[in-house]
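Worksheet: the structure to be examined is printed underneath.
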Amino acid sequence: MNVLVTGATGLVGTHLVTALLARGDRVLALSRKPAEAGSGAEPVVGDPAVPGPWLDRVRECDAVVHLAGENVSARRWNDAFLKRIRDSRVDSTALLAEALAKHPRRADGTPKAFVSASAIGFYGPRGDEPLGEDAAPGADAMADVCVAWERAAAPAAAAGVRVSHPRVGLVLDKERGALPRMVTPF
């Protein structure tokens with residue numbers, strides 16, 4: 001299978017690329033830092049939120065896994081940073097969805113797949129309320145981002161692409177991400 005992965009050099013992306021290569025898939029790793037794309041992956045240079053030649057590579061893929069987006073824990077949130085978070089997710093998803101809508105089928109005629117990450121922030125702060133996947137979105141800024149982010153994939157779904165939005169929570173890794181910073185006080 002030919003899989004384009006955005007955010008391929010990020011925490012989740014690096015693990016996914018390794019797993020896809022291990023099962024024998026061809027991986028196109030979209031990154032602004034192609035030197036970090038990982039051994040065995042084909043680096044594709046580009047910013048997923050900015051149109052460019054990289055979008056032509058969507059045509060040759062059976063699936064697109066979209067993990068790219070501004071790091072939400074990179075700094076304190078203000079209006080400008082929240083806009084960067086939103087734009088990095090919504091704009092890139094819209095670009096990919098439109099590219100997939102132009103070429104929604106694999107070579108064998110079956111639909112392509114678009115796994116476009118979202119976040120548990122979709123649900124907003126709800127205390128102890130039990131929530132399922134069918135729960136309504138929250139009413140805070142991150143929930144608004146997640147709703148717009150998921151809606152941006154609509155052109156691909158309308159063209160018959162199989163679209164999935166895994167709502168990812170805090171990802172812990174012993175070497176990267178939030179966990180090393182959280183362990184420091186202990």
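Chain labels run A, B, ... following the order of the structure tokens; each chain numbers its residues from 1, and ligands are numbered from 1 in the order shown.
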*With a distance cut-off of 10 Å and only C-alpha atoms, select the neighbouring residues of Ala143 of chain A, excluding the residue or stretch itself and same-chain residues fewer than 4 positions from it, and output the selection as an MDAnalysis selection string.*
chainID A and resid 119:125 136:139 147:149
*segment 15-169 of chain A: residues DSSP assigns to strand (DSSP E), reported as a PyMOL selection string*: chain A and resi 26-31+42-45+63-66+113-116+118-119+162-164+167-168
*Within chain A, find each residue whose DSSP state, derived from the backbone, is alpha helix (DSSP H), and express the selection as an MDAnalysis selection string.*
chainID A and resid 11:22 79:102 141:151 154:158 178:183
*asked:* I want to know what sits within 10 Å of Thr6 of chain A, based on only C-alpha atoms, with residues of the same chain fewer than 3 positions away left out; could you give that as a PyMOL selection string?
replied: chain A and resi 3+9-10+13+28-32+44+46-48+64-69+92+96+116
*Which neighbours of Met1 of chain A fall inside 10 Å, counting only C-alpha atoms, when residues of the same chain fewer than 4 positions from it are skipped, and could you give them as a VMD selection string?*
chain A and resid 20 23 to 27 61 to 63 106
Restricted to N, CA and C atoms, what would the selected residues look like written as a compact mmCIF listing (two decimals), in the first residue's frame?
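Listed below is the output, out_27.txt:
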# COMPACT_ATOMS: atom_id res chain seq x y z
N LEU A 20 4.41 1.15 9.47
CA LEU A 20 4.00 0.97 8.08
C LEU A 20 5.12 0.33 7.26
N ARG A 23 5.53 -3.39 7.91
CA ARG A 23 4.55 -4.29 7.28
C ARG A 23 4.66 -4.29 5.76
N GLY A 24 5.63 -3.53 5.24
CA GLY A 24 5.91 -3.57 3.81
C GLY A 24 5.26 -2.49 2.97
N ASP A 25 4.69 -1.49 3.60
CA ASP A 25 4.07 -0.39 2.85
C ASP A 25 5.13 0.57 2.32
N ARG A 26 4.79 1.26 1.25
CA ARG A 26 5.61 2.36 0.74
C ARG A 26 5.11 3.61 1.43
N VAL A 27 6.00 4.33 2.10
CA VAL A 27 5.61 5.51 2.86
C VAL A 27 6.21 6.76 2.25
N CYS A 61 -1.22 7.76 -3.92
CA CYS A 61 -1.40 7.10 -2.63
C CYS A 61 -2.73 6.36 -2.54
N ASP A 62 -2.70 5.26 -1.79
CA ASP A 62 -3.91 4.52 -1.47
C ASP A 62 -4.58 5.08 -0.22
N ALA A 63 -3.74 5.68 0.62
CA ALA A 63 -4.23 6.24 1.88
C ALA A 63 -3.40 7.45 2.26
N ARG A 106 -8.45 4.22 -5.58
CA ARG A 106 -7.17 3.53 -5.75
C ARG A 106 -7.12 2.93 -7.14
